[in-house]
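Visitor: Input structure: structure_16.csv, which contains CSV, C-alpha atoms and all ligand atoms.
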```
chain,number,residue,atom,x,y,z
A,1462,MET,CA,123.2,116.6,60.8
A,1463,ARG,CA,121.9,115.6,64.2
A,1464,ASN,CA,118.3,114.6,64.8
A,1465,PHE,CA,116.5,117.7,65.7
A,1466,VAL,CA,113.4,116.0,67.0
A,1467,ALA,CA,113.2,116.1,70.8
A,1468,THR,CA,113.7,112.7,72.4
A,1469,LYS,CA,110.4,112.9,74.2
A,1470,ILE,CA,108.6,113.3,70.9
A,1471,GLN,CA,110.7,110.6,69.2
A,1472,GLU,CA,109.6,108.2,72.0
A,1473,LEU,CA,105.9,109.2,71.8
A,1474,ARG,CA,103.9,106.3,70.4
A,1475,PRO,CA,101.5,107.1,67.5
A,1476,SER,CA,97.9,106.6,68.3
A,1477,GLY,CA,96.8,103.0,68.0
A,1478,ILE,CA,93.7,104.0,66.1
A,1479,ARG,CA,95.2,105.3,62.9
A,1480,LYS,CA,96.7,102.0,61.7
A,1481,TYR,CA,93.3,100.4,60.9
A,1482,PHE,CA,92.0,103.5,59.2
A,1483,ASP,CA,95.1,103.7,57.0
A,1484,ILE,CA,94.5,100.1,55.9
A,1485,ALA,CA,90.7,100.7,55.5
A,1486,ALA,CA,91.4,103.7,53.3
A,1487,THR,CA,93.1,101.5,50.7
A,1488,MET,CA,90.1,99.1,50.6
A,1489,ASP,CA,86.7,99.2,48.9
A,1490,ASP,CA,83.3,98.6,50.6
A,1491,VAL,CA,84.5,98.8,54.2
A,1492,VAL,CA,81.8,99.4,56.9
A,1493,THR,CA,83.5,101.5,59.6
A,1494,LEU,CA,82.5,101.5,63.2
A,1495,GLY,CA,85.8,103.0,64.1
A,1496,ILE,CA,85.1,106.7,64.1
A,1497,GLY,CA,84.5,108.5,67.4
A,1498,GLU,CA,82.4,111.4,66.2
A,1499,PRO,CA,78.7,112.0,65.6
A,1500,ASN,CA,77.4,111.0,62.2
A,1501,PHE,CA,74.9,113.9,62.3
A,1502,VAL,CA,75.6,117.2,60.6
A,1503,THR,CA,75.5,120.2,62.9
A,1504,PRO,CA,71.8,121.3,63.1
A,1505,ASN,CA,71.0,124.1,60.6
A,1506,HIS,CA,70.2,126.9,63.0
A,1507,ILE,CA,73.5,126.4,64.8
A,1508,MET,CA,75.3,126.3,61.5
A,1509,ASP,CA,73.5,129.5,60.4
A,1510,ALA,CA,74.6,131.3,63.5
A,1511,GLY,CA,78.3,130.6,62.6
A,1512,ILE,CA,77.8,131.6,59.0
A,1513,ASP,CA,75.9,134.7,59.9
A,1514,SER,CA,78.6,135.9,62.2
A,1515,MET,CA,81.2,135.6,59.4
A,1516,ARG,CA,78.9,137.5,57.1
A,1517,ARG,CA,78.6,140.2,59.7
A,1518,GLY,CA,82.3,140.5,59.5
A,1519,GLU,CA,83.1,138.8,62.8
A,1520,THR,CA,86.3,137.2,61.4
A,1521,GLY,CA,88.8,138.5,64.0
A,1522,TYR,CA,89.8,137.3,67.5
A,1523,THR,CA,87.5,137.4,70.4
A,1524,ALA,CA,88.4,138.1,74.0
A,1525,ASN,CA,91.1,135.6,75.0
A,1526,ALA,CA,88.7,133.7,77.4
A,1527,GLY,CA,86.0,133.7,74.7
A,1528,LEU,CA,82.9,135.8,74.0
A,1529,ILE,CA,81.5,137.0,77.3
A,1530,GLU,CA,78.0,136.1,76.0
A,1531,LEU,CA,79.2,132.5,75.4
A,1532,ARG,CA,80.8,132.3,78.8
A,1533,ARG,CA,77.6,133.5,80.4
A,1534,ALA,CA,75.6,130.9,78.4
A,1535,ILE,CA,78.1,128.1,79.5
A,1536,SER,CA,77.7,129.2,83.1
A,1537,ASP,CA,73.9,129.2,82.8
A,1538,TYR,CA,73.9,125.8,81.1
A,1539,VAL,CA,76.1,124.2,83.8
A,1540,HIS,CA,73.9,125.8,86.5
A,1541,ARG,CA,70.7,124.5,84.7
A,1542,LEU,CA,72.1,121.0,84.5
A,1543,TYR,CA,73.9,120.7,87.8
A,1544,ARG,CA,73.1,123.7,90.0
A,1545,LEU,CA,76.8,124.6,90.0
A,1546,ASN,CA,77.8,128.3,90.1
A,1547,TYR,CA,80.8,129.3,88.0
A,1548,ASP,CA,81.5,132.9,87.5
A,1549,PRO,CA,81.5,133.5,83.7
A,1550,LYS,CA,84.2,136.2,84.1
A,1551,THR,CA,86.7,134.2,86.2
A,1552,GLU,CA,85.8,130.6,86.2
A,1553,VAL,CA,84.8,129.7,82.6
A,1554,LEU,CA,87.2,129.5,79.6
A,1555,VAL,CA,86.3,128.7,76.0
A,1556,THR,CA,88.8,126.4,74.4
A,1557,VAL,CA,89.6,124.7,71.1
A,1558,GLY,CA,87.8,121.6,72.1
A,1559,VAL,CA,88.3,119.4,75.1
A,1560,SER,CA,91.6,118.6,73.4
A,1561,GLU,CA,93.0,122.0,74.3
A,1562,GLY,CA,91.3,122.0,77.7
A,1563,LEU,CA,93.0,118.7,78.6
A,1564,TRP,CA,96.5,120.0,77.8
A,1565,LEU,CA,95.9,123.3,79.7
A,1566,ALA,CA,94.5,121.6,82.8
A,1567,LEU,CA,97.5,119.2,82.9
A,1568,LYS,CA,100.1,121.9,82.2
A,1569,ALA,CA,98.6,124.1,84.8
A,1570,VAL,CA,99.0,121.6,87.6
A,1571,VAL,CA,101.8,119.2,86.7
A,1572,GLU,CA,105.4,119.8,87.8
A,1573,PRO,CA,108.2,117.8,86.0
A,1574,GLY,CA,108.0,114.2,87.3
A,1575,ASP,CA,104.6,114.6,89.0
A,1576,GLU,CA,102.5,111.5,88.6
A,1577,VAL,CA,99.0,111.6,87.2
A,1578,LEU,CA,96.7,108.7,87.7
A,1579,VAL,CA,95.1,108.0,84.3
A,1580,VAL,CA,92.0,105.8,84.7
A,1581,GLU,CA,92.0,103.5,81.7
A,1582,PRO,CA,90.9,102.3,79.2
A,1583,CYS,CA,90.5,105.9,78.1
A,1584,PHE,CA,90.8,108.5,75.3
A,1585,VAL,CA,94.1,108.0,73.4
A,1586,SER,CA,95.3,111.5,74.2
A,1587,ASN,CA,95.2,111.2,78.0
A,1588,ALA,CA,98.5,109.4,78.7
A,1589,ALA,CA,100.3,111.2,75.9
A,1590,ALA,CA,99.2,114.6,77.2
A,1591,VAL,CA,100.5,113.8,80.6
A,1592,GLU,CA,103.9,112.9,79.2
A,1593,MET,CA,104.0,116.0,77.0
A,1594,VAL,CA,103.6,118.3,79.9
A,1595,GLY,CA,106.4,116.6,81.7
A,1596,GLY,CA,104.4,114.4,84.0
A,1597,VAL,CA,104.4,110.6,84.4
A,1598,PRO,CA,101.1,108.9,83.5
A,1599,VAL,CA,100.3,106.1,85.9
A,1600,PRO,CA,97.6,103.7,84.6
A,1601,VAL,CA,94.8,102.8,86.9
A,1602,HIS,CA,93.2,99.6,85.7
A,1603,THR,CA,89.5,99.0,85.4
A,1604,SER,CA,87.8,95.8,84.3
A,1605,VAL,CA,84.6,94.4,82.7
A,1606,GLU,CA,84.0,92.5,86.0
A,1607,HIS,CA,83.4,95.9,87.6
A,1608,GLU,CA,81.8,97.4,84.5
A,1609,PHE,CA,84.9,99.5,84.1
A,1610,GLN,CA,84.2,101.5,87.3
A,1611,VAL,CA,87.3,102.9,89.0
A,1612,THR,CA,87.6,101.9,92.6
A,1613,SER,CA,89.3,103.5,95.6
A,1614,GLU,CA,91.5,100.3,96.0
A,1615,ALA,CA,92.7,100.5,92.4
A,1616,LEU,CA,93.6,104.2,92.9
A,1617,GLU,CA,95.2,103.7,96.3
A,1618,GLN,CA,97.4,100.9,95.0
A,1619,VAL,CA,99.3,103.2,92.7
A,1620,ILE,CA,99.5,106.4,94.8
A,1621,THR,CA,102.9,107.6,95.7
A,1622,PRO,CA,104.3,110.8,97.3
A,1623,ARG,CA,104.6,112.1,93.7
A,1624,THR,CA,100.9,111.7,92.8
A,1625,LYS,CA,99.4,115.1,91.9
A,1626,ALA,CA,96.2,114.5,90.0
A,1627,ILE,CA,93.6,112.0,88.9
A,1628,LEU,CA,92.3,112.1,85.3
A,1629,ILE,CA,88.9,110.5,84.8
A,1630,SER,CA,86.7,110.5,81.8
A,1631,TYR,CA,83.1,109.3,82.2
A,1632,PRO,CA,80.9,108.6,80.3
A,1633,ASN,CA,83.9,106.8,79.0
A,1634,ASN,CA,85.5,106.4,75.6
A,1635,PRO,CA,86.0,103.6,74.7
A,1636,THR,CA,83.9,101.5,77.1
A,1637,GLY,CA,80.7,103.5,77.3
A,1638,ALA,CA,80.8,103.1,81.1
A,1639,VAL,CA,79.3,105.7,83.3
A,1640,LEU,CA,80.7,106.1,86.8
A,1641,THR,CA,78.1,105.4,89.5
A,1642,CYS,CA,77.6,107.9,92.3
A,1643,GLU,CA,79.1,105.4,94.7
A,1644,HIS,CA,82.3,105.1,92.7
A,1645,MET,CA,82.5,108.9,92.2
A,1646,GLN,CA,82.4,109.2,96.0
A,1647,GLN,CA,85.3,106.7,96.2
A,1648,VAL,CA,87.3,108.9,93.8
A,1649,ALA,CA,86.4,112.0,95.8
A,1650,ALA,CA,87.5,110.4,99.1
A,1651,ILE,CA,90.9,109.5,97.6
A,1652,ALA,CA,91.3,113.0,96.2
A,1653,GLU,CA,90.6,114.4,99.6
A,1654,LYS,CA,92.7,111.9,101.6
A,1655,TYR,CA,95.8,112.4,99.4
A,1656,ASP,CA,95.2,116.0,98.5
A,1657,LEU,CA,94.9,115.5,94.7
A,1658,VAL,CA,93.4,117.6,92.0
A,1659,VAL,CA,90.8,115.9,89.8
A,1660,ILE,CA,90.6,116.5,86.1
A,1661,SER,CA,87.2,115.3,84.9
A,1662,ASP,CA,86.6,115.0,81.1
A,1663,GLU,CA,82.9,115.1,80.8
A,1664,ILE,CA,82.6,115.6,77.0
A,1665,TYR,CA,79.9,112.8,76.8
A,1666,GLU,CA,77.9,114.2,79.7
A,1667,ARG,CA,74.7,114.6,77.6
A,1668,LEU,CA,74.9,111.2,76.0
A,1669,VAL,CA,73.7,109.0,78.8
A,1670,TYR,CA,70.9,106.4,78.6
A,1671,GLY,CA,68.4,105.7,81.4
A,1672,ILE,CA,70.8,107.2,84.0
A,1673,ASP,CA,71.6,110.8,85.1
A,1674,HIS,CA,75.1,112.3,84.6
A,1675,ILE,CA,76.7,113.6,87.7
A,1676,ASN,CA,79.2,116.5,87.3
A,1677,PHE,CA,82.2,115.6,89.4
A,1678,ALA,CA,82.4,119.1,90.9
A,1679,THR,CA,79.0,118.6,92.5
A,1680,LEU,CA,80.4,116.1,95.0
A,1681,PRO,CA,80.9,117.5,98.5
A,1682,GLY,CA,84.3,119.2,98.7
A,1683,MET,CA,85.2,118.6,95.1
A,1684,TYR,CA,84.4,122.0,93.5
A,1685,GLU,CA,87.6,123.4,94.9
A,1686,ARG,CA,89.8,120.7,93.6
A,1687,THR,CA,88.2,119.8,90.3
A,1688,ILE,CA,88.8,121.0,86.7
A,1689,VAL,CA,85.9,120.0,84.5
A,1690,LEU,CA,86.3,119.7,80.7
A,1691,SER,CA,83.4,119.6,78.3
A,1692,GLY,CA,82.3,121.1,75.0
A,1693,MET,CA,80.1,121.1,72.0
A,1694,SER,CA,81.7,118.3,69.9
A,1695,LYS,CA,79.7,115.3,70.8
A,1696,ALA,CA,76.2,116.3,72.1
A,1697,PHE,CA,75.7,119.0,69.5
A,1698,ALA,CA,77.4,117.3,66.6
A,1699,MET,CA,80.0,120.0,66.3
A,1700,THR,CA,83.4,118.3,66.3
A,1701,GLY,CA,84.7,120.4,63.4
A,1702,TRP,CA,83.8,123.7,65.0
A,1703,ARG,CA,86.4,123.1,67.7
A,1704,ILE,CA,84.7,124.6,70.7
A,1705,GLY,CA,85.1,123.2,74.2
A,1706,TYR,CA,85.2,124.8,77.6
A,1707,VAL,CA,86.8,124.5,81.0
A,1708,THR,CA,85.1,125.2,84.3
A,1709,ALA,CA,87.3,125.5,87.4
A,1710,PRO,CA,87.6,127.5,90.6
A,1711,HIS,CA,89.2,130.9,90.1
A,1712,TYR,CA,92.7,130.1,91.5
A,1713,LEU,CA,93.1,127.2,89.0
A,1714,MET,CA,91.4,129.0,86.2
A,1715,GLU,CA,93.9,131.9,86.5
A,1716,ALA,CA,96.7,129.5,85.6
A,1717,ILE,CA,94.8,127.8,82.9
A,1718,PHE,CA,93.8,131.1,81.4
A,1719,LYS,CA,97.4,132.3,81.3
A,1720,LEU,CA,98.4,129.2,79.3
A,1721,HIS,CA,95.5,129.6,76.9
A,1722,GLN,CA,96.3,133.2,76.2
A,1723,TYR,CA,99.8,132.5,75.1
A,1724,LEU,CA,99.0,129.2,73.3
A,1725,ILE,CA,95.7,130.0,71.4
A,1726,MET,CA,94.7,133.7,71.7
A,1727,SER,CA,91.1,132.7,71.4
A,1728,ALA,CA,88.9,129.8,70.1
A,1729,PRO,CA,87.4,130.2,66.6
A,1730,THR,CA,85.0,133.1,66.5
A,1731,MET,CA,82.4,131.5,64.2
A,1732,GLY,CA,82.5,128.4,66.3
A,1733,GLN,CA,81.8,130.5,69.4
A,1734,ARG,CA,78.8,132.1,67.8
A,1735,ALA,CA,77.5,128.7,66.8
A,1736,ALA,CA,78.1,127.3,70.3
A,1737,LEU,CA,76.1,130.2,71.8
A,1738,GLU,CA,73.2,129.4,69.5
A,1739,ALA,CA,73.5,125.7,70.4
A,1740,LEU,CA,73.5,126.3,74.2
A,1741,GLU,CA,70.6,128.8,74.0
A,1742,HIS,CA,68.4,127.0,71.4
A,1743,GLY,CA,69.8,123.5,70.8
A,1744,GLU,CA,68.2,121.4,73.6
A,1745,ASP,CA,65.7,119.7,71.2
A,1746,ASP,CA,68.6,118.7,68.9
A,1747,VAL,CA,70.5,117.2,71.8
A,1748,GLN,CA,67.4,115.2,72.9
A,1749,HIS,CA,66.7,114.1,69.3
A,1750,MET,CA,70.3,112.8,68.7
A,1751,GLN,CA,70.5,111.2,72.1
A,1752,SER,CA,67.3,109.2,71.4
A,1753,GLN,CA,68.7,108.1,68.1
A,1754,TYR,CA,71.9,106.9,69.7
A,1755,ASP,CA,70.0,105.1,72.4
A,1756,ARG,CA,68.1,103.1,69.7
A,1757,ARG,CA,71.3,102.2,67.9
A,1758,ARG,CA,73.0,101.3,71.2
A,1759,LYS,CA,70.4,98.7,71.8
A,1760,LEU,CA,70.7,97.4,68.2
A,1761,ILE,CA,74.4,97.0,68.4
A,1762,VAL,CA,74.7,95.6,71.9
A,1763,ASP,CA,71.9,93.0,71.2
A,1764,GLY,CA,73.6,92.2,67.9
A,1765,PHE,CA,77.0,91.6,69.5
A,1766,ASN,CA,75.5,89.4,72.2
A,1767,GLN,CA,73.6,87.4,69.7
A,1768,ILE,CA,76.7,86.6,67.6
A,1769,GLY,CA,78.7,85.5,70.5
A,1770,LEU,CA,80.6,88.6,71.4
A,1771,THR,CA,79.6,89.3,75.0
A,1772,CYS,CA,79.0,93.0,75.5
A,1773,PHE,CA,78.3,94.7,78.8
A,1774,GLU,CA,75.6,97.4,78.6
A,1775,PRO,CA,77.2,100.8,77.9
A,1776,ARG,CA,75.2,103.6,79.6
A,1777,GLY,CA,76.9,106.5,78.0
A,1778,ALA,CA,78.8,108.0,75.0
A,1779,PHE,CA,78.3,106.2,71.7
A,1780,TYR,CA,80.6,103.1,71.9
A,1781,ALA,CA,80.0,99.4,72.6
A,1782,PHE,CA,83.0,97.5,73.9
A,1783,PRO,CA,82.5,93.7,73.3
A,1784,ASP,CA,84.8,91.1,74.6
A,1785,ILE,CA,86.5,89.2,71.8
A,1786,ARG,CA,88.6,86.8,73.9
A,1787,VAL,CA,86.3,83.9,72.9
A,1788,THR,CA,87.9,83.9,69.4
A,1789,GLY,CA,91.4,83.2,70.9
A,1790,MET,CA,92.8,86.2,69.0
A,1791,THR,CA,94.3,89.3,70.5
A,1792,ASP,CA,92.2,92.4,70.0
A,1793,GLU,CA,94.8,93.6,67.4
A,1794,GLU,CA,94.7,90.3,65.4
A,1795,PHE,CA,90.9,90.4,65.6
A,1796,CYS,CA,90.7,93.9,64.2
A,1797,GLU,CA,93.1,93.2,61.4
A,1798,ARG,CA,91.4,90.0,60.3
A,1799,LEU,CA,88.0,91.5,60.6
A,1800,LEU,CA,89.0,94.3,58.4
A,1801,LEU,CA,90.8,92.2,55.8
A,1802,ASP,CA,88.3,89.2,55.8
A,1803,ALA,CA,85.0,90.8,56.6
A,1804,ARG,CA,85.6,94.5,55.7
A,1805,VAL,CA,84.5,95.9,59.0
A,1806,ALA,CA,86.7,98.5,60.8
A,1807,VAL,CA,86.7,98.6,64.5
A,1808,VAL,CA,89.4,99.7,67.0
A,1809,PRO,CA,91.3,97.3,69.3
A,1810,GLY,CA,90.7,97.9,73.0
A,1811,SER,CA,94.4,97.9,73.8
A,1812,ALA,CA,94.7,101.2,71.8
A,1813,PHE,CA,93.1,102.8,74.8
A,1814,GLY,CA,95.4,101.3,77.4
A,1815,ALA,CA,96.3,97.8,78.6
A,1816,SER,CA,93.0,97.4,80.4
A,1817,GLY,CA,91.3,97.4,77.0
A,1818,ALA,CA,93.1,94.3,75.8
A,1819,GLY,CA,90.8,91.5,74.7
A,1820,PHE,CA,88.0,94.0,73.7
A,1821,ILE,CA,87.1,96.1,70.6
A,1822,ARG,CA,85.6,99.5,70.4
A,1823,ALA,CA,82.7,99.8,68.0
A,1824,SER,CA,81.1,103.2,67.6
A,1825,TYR,CA,77.3,103.3,67.0
A,1826,ALA,CA,77.4,106.9,65.9
A,1827,ASN,CA,76.4,105.5,62.5
A,1828,SER,CA,73.3,104.8,60.5
A,1829,ASP,CA,71.1,101.8,61.4
A,1830,GLU,CA,71.8,100.4,57.9
A,1831,ASN,CA,75.6,100.5,58.4
A,1832,ILE,CA,75.3,99.0,61.9
A,1833,GLU,CA,73.2,96.2,60.5
A,1834,ARG,CA,75.6,95.5,57.6
A,1835,ALA,CA,78.5,95.4,60.1
A,1836,LEU,CA,76.7,93.0,62.3
A,1837,GLU,CA,75.8,90.7,59.4
A,1838,ARG,CA,79.5,90.6,58.3
A,1839,MET,CA,80.7,90.1,61.8
A,1840,HIS,CA,78.2,87.3,62.3
A,1841,ARG,CA,79.7,85.5,59.3
A,1842,PHE,CA,83.2,86.2,60.7
A,1843,MET,CA,82.3,84.8,64.1
A,1844,LEU,CA,80.8,81.6,62.5
A,1845,GLN,CA,84.4,81.0,61.2
A,1846,HIS,CA,86.3,82.2,64.2
A,1847,GLY,CA,84.0,82.0,67.2
A,1901,LIG,C1,86.9,111.3,76.0
A,1901,LIG,C2,87.2,112.3,75.0
A,1901,LIG,N1,87.7,113.5,75.3
A,1901,LIG,C3,88.0,114.5,74.4
A,1901,LIG,C4,87.8,114.3,73.1
A,1901,LIG,C5,88.1,115.4,72.1
A,1901,LIG,O1,87.1,116.3,72.2
A,1901,LIG,P1,87.1,117.7,71.4
A,1901,LIG,O2,86.5,117.5,70.1
A,1901,LIG,O3,86.2,118.6,72.2
A,1901,LIG,O4,88.5,118.2,71.4
A,1901,LIG,C6,87.3,113.1,72.7
A,1901,LIG,C7,87.1,112.8,71.2
A,1901,LIG,O5,86.9,111.7,70.8
A,1901,LIG,C8,87.0,112.1,73.6
A,1901,LIG,O6,86.5,110.9,73.3
```
Would you mind giving the structure from this file in structure tokens?
Guide:
Amino acid sequence: MRNFVATKIQELRPSGIRKYFDIAATMDDVVTLGIGEPNFVTPNHIMDAGIDSMRRGETGYTANAGLIELRRAISDYVHRLYRLNYDPKTEVLVTVGVSEGLWLALKAVVEPGDEVLVVEPCFVSNAAAVEMVGGVPVPVHTSVEHEFQVTSEALEQVITPRTKAILISYPNNPTGAVLTCEHMQQVAAIAEKYDLVVISDEIYERLVYGIDHINFATLPGMYERTIVLSGMSKAFAMTGWRIGYVTAPHYLMEAIFKLHQYLIMSAPTMGQRAALEALEHGEDDVQHMQSQYDRRRKLIVDGFNQIGLTCFEPRGAFYAFPDIRVTGMTDEEFCERLLLDARVAVVPGSAFGASGAGFIRASYANSDENIERALERMHRFMLQHG
């Protein structure tokens, strides 16, 4: 029998994150800073809205693009935060998380062989999603020396006549970097100069610390050429409800919507009801969780710096990204030994692209107690290996 699995899928590398969780799952007493999701439970009133909708019998599909009430609420929310005007009927789509939105956005714009500039280190799905839609992911490197900001020079170096799009995700997973206004303007200038579409994953937009988030579409001339992805997962502690959204100008949204219609029908109905409640009445919850993350951010960053793992200050998301090169190990060796010797699970930076090599990602979406335990264990580990 021949191998039925498509060559492209055979060649696809598995996510570099899984390996450490698989080992950790076989061990006792592991403190894990590996997981990229909130450790809060969805606030009760949001949960109730989802449960109530099911009890009312709303267990069928919704309109393909999502409940119109929810699309209106998303449009109002984006307007409240950024003064952007997206028509809820034609420029807002409710998706199954940013995960779906990412694939739709890429599929809608990428022709076979088109190159997509993937600013890295970044979310593990980014390059894979480009490949799966038939495009060619072209890494754009960032470095700790520039606080993981993408520059126009770095973009320009890899642009070719096949370049179609730039994929950015700030606040960034895994580094916690937030793109400054000046660097956003550099990206915008390149997009304009080479006539590129920008896909901006802003899922961590509400988790910023001492700094304001700028929606990429607010930059002059960018609304027309930007697809913004966001959703409920991180800020509202709703990863399992699987609700995200895409905002884009009508001509791009038409294409994105067609794909969504055939692929998904509609995002989960109970999740949409919960998302509506979250957007209308969840602001205090967001503020509360944001302030908790901020406190833990300081705890972990100070802790890493004190034990000899230099860590630049992350201004967004819920990740710290310390430099482990002082140990003389690769990030993969470091993670494996840290797990086996000290029972702390973190993720090697190179799992997020070559620019992440020599760093580790530690999530502080965790209890103070666990963060402190992890730091104590890592301190002992560093005394042996630092
Ligand atoms: C940068 C980034 N984008 C997208 C996602 C996935 O988000 P969602 O749960 O909305 O699919 C994640 C999850 O870790 C992420 O870190």
Visitor: With distances taken over only C-alpha atoms and all ligand atoms, which of A:Pro1681, A:Gly1558, A:Pro1598, A:Pro1499 is nearest to ligand LIG 1901 (chain A)?
Guide: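 Comparing A:Pro1681, A:Gly1558, A:Pro1598, A:Pro1499 against ligand LIG 1901 (chain A), the winner is A:Gly1558.
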Visitor: What does the structure give for the distance between atom CA of A:Gln1767 and atom CA of A:Arg1838, in Å to one decimal?
Guide: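 Rounded to one decimal, the two atoms are 13.2 Å apart.
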Visitor: Counting all atoms listed in the file, what is within 12 Å of A:Asp1489, bar same-chain residues fewer than 5 positions away, as a list in words?
Guide: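 The filter keeps Ile1484, Leu1800, Leu1801, Ala1803, Arg1804, Val1805 and Ala1806 of chain A.
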Visitor: Keeping only C-alpha atoms, write those residues as a tab-separated table (two decimals), in the coordinates of the input.
Guide:
```tsv
chain	number	residue	atom	x	y	z
A	1484	ILE	CA	94.50	100.10	55.90
A	1800	LEU	CA	89.00	94.30	58.40
A	1801	LEU	CA	90.80	92.20	55.80
A	1803	ALA	CA	85.00	90.80	56.60
A	1804	ARG	CA	85.60	94.50	55.70
A	1805	VAL	CA	84.50	95.90	59.00
A	1806	ALA	CA	86.70	98.50	60.80
```
Visitor: Return as a Markdown table the residues of chain A lying at most 6 Å from ligand LIG 1901 (chain A), together with the closest atom-to-atom pair for each and the distance in Å to one decimal, counting all atoms listed in the file, with rows in chain order and ascending residue number.
Guide:
```
| residue | atom | partner | partner_atom | distance |
| --- | --- | --- | --- | --- |
| A:Gly1497 | CA | A:LIG1901 | O5 | 5.2 |
| A:Gly1558 | CA | A:LIG1901 | O3 | 3.4 |
| A:Val1559 | CA | A:LIG1901 | O3 | 3.7 |
| A:Ser1560 | CA | A:LIG1901 | O4 | 3.7 |
| A:Phe1584 | CA | A:LIG1901 | C1 | 4.9 |
| A:Ser1630 | CA | A:LIG1901 | C1 | 5.9 |
| A:Asn1634 | CA | A:LIG1901 | C1 | 5.1 |
| A:Ile1664 | CA | A:LIG1901 | N1 | 5.8 |
| A:Gly1692 | CA | A:LIG1901 | O3 | 5.4 |
| A:Ser1694 | CA | A:LIG1901 | O2 | 4.9 |
| A:Thr1700 | CA | A:LIG1901 | O2 | 5.0 |
| A:Gly1705 | CA | A:LIG1901 | O3 | 5.1 |
```
Visitor: Restricted to C-alpha atoms, what would the selected residues look like written as a PDB file, in the coordinates of the input?
Guide:
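Written file, selection00.pdb:
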```pdb
ATOM      1  CA  GLY A1497      84.500 108.500  67.400  1.00  0.00           C
ATOM      2  CA  GLY A1558      87.800 121.600  72.100  1.00  0.00           C
ATOM      3  CA  VAL A1559      88.300 119.400  75.100  1.00  0.00           C
ATOM      4  CA  SER A1560      91.600 118.600  73.400  1.00  0.00           C
ATOM      5  CA  PHE A1584      90.800 108.500  75.300  1.00  0.00           C
ATOM      6  CA  SER A1630      86.700 110.500  81.800  1.00  0.00           C
ATOM      7  CA  ASN A1634      85.500 106.400  75.600  1.00  0.00           C
ATOM      8  CA  ILE A1664      82.600 115.600  77.000  1.00  0.00           C
ATOM      9  CA  GLY A1692      82.300 121.100  75.000  1.00  0.00           C
ATOM     10  CA  SER A1694      81.700 118.300  69.900  1.00  0.00           C
ATOM     11  CA  THR A1700      83.400 118.300  66.300  1.00  0.00           C
ATOM     12  CA  GLY A1705      85.100 123.200  74.200  1.00  0.00           C
TER      13      GLY A1705
END
```
Visitor: Quick one: of A:Tyr1522, A:Phe1795, A:Phe1697, A:Trp1564, who's nearest to A:Pro1729, counting all atoms listed in the file?
Guide: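 Residue with the minimum atom-to-atom distance to A:Pro1729: A:Tyr1522.
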Visitor: Taking the point (66.9, 108.2, 65.7) as given in the file, collect each protein or nucleic acid residue that comes within 12 Å of it, counting all atoms listed in the file, and present the set as a PyMOL selection string.
Guide: chain A and resi 1500-1501+1746-1760+1825-1829
Visitor: For A:Arg1776, which of A:Met1843, A:Ile1725, A:Ala1735, A:Val1639 is the closest residue, counting all atoms listed in the file?
Guide: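 Under the stated criterion, the closest residue is A:Val1639.
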Visitor: For a test of reading the model, state the distance in Å between atom CA of A:Ala1678 and atom CA of A:Val1658, rounded to one decimal.
Guide: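 Distance between the two atoms: 11.2 Å.
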Visitor: Measuring between all atoms listed in the file, which one of A:Ala1698, A:Ala1615, A:Ser1604, A:Asn1831 shows the shortest distance to A:Ala1739?
Guide: A:Ala1698
Visitor: What is the distance, in Å and to one decimal place, between atom CA of A:Glu1653 and atom CA of A:Thr1603?
Guide: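 Taking atom CA of A:Glu1653 and atom CA of A:Thr1603, their separation equals 21.0 Å.
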Visitor: Which residue gives the smallest distance to A:Pro1775 among A:Ile1651, A:Ala1638, A:Ile1629, A:Leu1528, with all atoms listed in the file counted?
Guide: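 For A:Pro1775, the nearest of the given residues is A:Ala1638.
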Visitor: Return the single residue from A:Tyr1712, A:Trp1702, A:Thr1520, A:Leu1740 that is closest to A:Ala1569, with distances computed using all atoms listed in the file.
Guide: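 Ranked by minimum distance to A:Ala1569, first place goes to A:Tyr1712.
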Visitor: Using only C-alpha atoms and a cutoff of 6 Å, can you tell me which residues are near (97.0, 101.8, 77.6) in the file's coordinates, and write them out as a ChimeraX atom specification?
Guide: /A:1813-1815
Visitor: Compile the contact shell of A:Ile1717 as a PyMOL selection string: residues with an atom at most 8 Å away, counting only C-alpha atoms, same-chain residues fewer than 6 positions apart removed.
Guide: chain A and resi 1565-1566+1568-1569
Visitor: Neighbours of A:Leu1668 within 8 Å (all atoms listed in the file; same-chain residues fewer than 3 positions away dropped), as a PyMOL selection string?
Guide: chain A and resi 1632+1665+1696+1751+1777-1779
Visitor: Name the residues in contact with A:Glu1552 at a cut-off of 6 Å, using all atoms listed in the file, excluding same-chain residues fewer than 5 positions from it; report them as JSON, numbers by chain.
Guide: {"A": [1547, 1708, 1709, 1710, 1711, 1714]}
Visitor: Show me, as a PyMOL selection string, the residues that have an atom within 9 Å of A:Glu1572 when counting only C-alpha atoms, minus same-chain residues fewer than 4 positions from it.
Guide: chain A and resi 1568+1576+1594-1596+1625
Visitor: Just need stretch 1671-1682 of chain A in a file, please: C-alpha atoms, as an mmCIF file, in the first residue's frame.
Guide:
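And here's selection-v7.cif as it stands now:
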```
data_model
loop_
_atom_site.group_PDB
_atom_site.id
_atom_site.type_symbol
_atom_site.label_atom_id
_atom_site.label_comp_id
_atom_site.auth_asym_id
_atom_site.auth_seq_id
_atom_site.Cartn_x
_atom_site.Cartn_y
_atom_site.Cartn_z
ATOM 1 C CA GLY A 1671 2.755 50.363 31.602
ATOM 2 C CA ILE A 1672 2.367 50.892 27.863
ATOM 3 C CA ASP A 1673 -0.586 51.327 25.475
ATOM 4 C CA HIS A 1674 -1.365 48.799 22.785
ATOM 5 C CA ILE A 1675 -1.596 50.208 19.272
ATOM 6 C CA ASN A 1676 -3.835 48.371 16.826
ATOM 7 C CA PHE A 1677 -1.849 48.109 13.580
ATOM 8 C CA ALA A 1678 -4.827 49.180 11.454
ATOM 9 C CA THR A 1679 -4.817 52.599 13.154
ATOM 10 C CA LEU A 1680 -1.546 53.559 11.462
ATOM 11 C CA PRO A 1681 -1.997 55.970 8.555
ATOM 12 C CA GLY A 1682 -2.800 54.070 5.348
#
```
